[in-house]
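Q: Sharing a structure, written as structure tokens. Questions coming.
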Amino acid sequence: MSDVSVDTNESATNSEQPQSSGRRKFLTVGTCVVGAVGAAGAAVPFVASWLPSAKAKAAGADVEVDISSIQPGQMIGVKWRGKPVWIVRRTPELLKSLSAHEEQLSDPNSEVAQQPEFAQNQYRSLKEEYLVLVGICTHLGCSPKHLAKGAFEEYAEGIAEGFFCPCHGSKFDMAGRVFSGVPAPSNLVVPLYQYVGDDTIIIGSEAEAS
């Protein structure tokens, strides 16, 4: 559906055509600009200033992310190797809730290799507070939605927050662990990453063992 206004009046005379043509061009350009701004505002905030160049991304470069401004309960997204990567700052209450629904999960102990060894724990992360996930469903590659503030309870009774894939109904908890009985066969992928200081994450590589 186009946002460009369509003039329903009768066609203009020859003397009016140049002016009408110019007006149409202006409306078209203006609508495109407004549409682009709107689309950017509706998406999960992607942090463009932290991205490498297009050439570096094509080569699979690591991505450095400053996480100091992420508030508790907030999720941001960045691009890494052409994939969306989510970083969620989980609240203490949310972390405590992760053990309450493990009987509903297909792989609660992350036994399937969808994460580096350092993230094979209940929180699937290096630091409990911060979750880092590739935002692609393990079923057919759609991107799940982050549902918070009780919205996830529509799909998982008693669980206030999680990820739901609208394509075929797969659902994941706030450690990226898949629920039983859904099309997705495994947990969401945790990429390689490491901390450089307290407030900076590098996605794409892990720290060398000392």
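In the structure tokens, chains take the letters A, B, ... in the order shown, each chain's residues start at 1, and ligands count up from 1 in the order shown.
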Fewer than 4 positions away in the same chain doesn't count, so skip those; otherwise give me all residues within 7 Å of Tyr193 (chain A), counting only C-alpha atoms, as a PyMOL selection string.
A: chain A and resi 201-206
Q: Show me, as a list in words, the residues that have an atom within 10 Å of Leu98 (chain A) when counting only C-alpha atoms, minus same-chain residues fewer than 4 positions from it.
A: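 Listing them by chain and then by number gives Glu93, Leu94, Glu102, Pro108, Gln122, Tyr123, Ile159, Asp173, Met174, Ala175 and Arg177 of chain A.
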Q: Kindly assemble as a Markdown table a list of the region 154-190 of chain A residues that lie within 12 Å of region 70-79 of chain A, each paired with its nearest atom pair and their distance in Å to one decimal, using only C-alpha atoms, sorted first by chain and then by ascending residue number.
A:
```
| residue | atom | partner | partner_atom | distance |
| --- | --- | --- | --- | --- |
| A:Glu161 | CA | A:Gly73 | CA | 10.0 |
| A:Gly162 | CA | A:Gly73 | CA | 11.6 |
| A:Phe163 | CA | A:Met75 | CA | 11.7 |
| A:Met174 | CA | A:Gly73 | CA | 10.8 |
```
Q: Go ahead and dump the residues you just picked, N, CA and C atoms, as a PDB file, in the first residue's frame.
A:
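New file selection-v1.pdb:
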```pdb
ATOM      1  N   GLU A 161       7.551 -12.721  30.160  1.00  0.00           N
ATOM      2  CA  GLU A 161       8.434 -12.180  29.126  1.00  0.00           C
ATOM      3  C   GLU A 161       9.134 -13.300  28.376  1.00  0.00           C
ATOM      4  N   GLY A 162       9.273 -13.119  27.068  1.00  0.00           N
ATOM      5  CA  GLY A 162       9.955 -14.118  26.252  1.00  0.00           C
ATOM      6  C   GLY A 162       9.974 -13.694  24.799  1.00  0.00           C
ATOM      7  N   PHE A 163      10.349 -14.618  23.929  1.00  0.00           N
ATOM      8  CA  PHE A 163      10.412 -14.354  22.493  1.00  0.00           C
ATOM      9  C   PHE A 163       9.420 -15.270  21.782  1.00  0.00           C
ATOM     10  N   MET A 174      13.638 -16.103  28.240  1.00  0.00           N
ATOM     11  CA  MET A 174      14.589 -14.996  28.236  1.00  0.00           C
ATOM     12  C   MET A 174      16.032 -15.439  28.453  1.00  0.00           C
TER      13      MET A 174
END
```
Q: Among region 56-175 of chain A, which ones does DSSP place in alpha helix (DSSP H), written as a PyMOL selection string?
A: chain A and resi 56-58+92-97
Q: Between A:Val63, A:Leu105, A:Ala160, A:Val112, which has the minimum distance to Ser180 (chain A) (counting only C-alpha atoms)?
A: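 Counting only C-alpha atoms, the residue closest to Ser180 (chain A) is A:Leu105.
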Q: Excluding Val196 (chain A) and residues on its chain fewer than 6 positions from it, collect all residues at most 10 Å away from it, counting only C-alpha atoms, and give them as a VMD selection string.
A: chain A and resid 64 to 66 202 207
Q: List the spatial neighbours of Ala100 (chain A) as a VMD selection string - criterion: any atom at most 10 Å away, only C-alpha atoms, same-chain residues fewer than 4 positions off excluded.
A: chain A and resid 96 104 158 to 159
Q: Next, dump the selected residues to file, keeping only C-alpha atoms, as a PDB file, in the first residue's frame.
A:
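The new file result_20.pdb reads:
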```
ATOM      1  CA  LYS A  96      15.197 -15.543  39.306  1.00  0.00           C
ATOM      2  CA  GLN A 104       8.323 -26.703  29.872  1.00  0.00           C
ATOM      3  CA  GLY A 158       2.466 -17.566  33.939  1.00  0.00           C
ATOM      4  CA  ILE A 159       5.570 -16.379  32.055  1.00  0.00           C
TER       5      ILE A 159
END
```
Q: Have a look at CA of Ala148 (chain A) and CA of Gly176 (chain A) and let me know their distance in Å, one decimal.
A: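 The value is 14.0 Å.
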Q: Between A:Ile67, A:Phe179, A:Ser97, A:Ala61, which residue has the minimum interatomic distance to Gly197 (chain A), considering only C-alpha atoms?
A: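 Nearest to Gly197 (chain A): A:Ile67.
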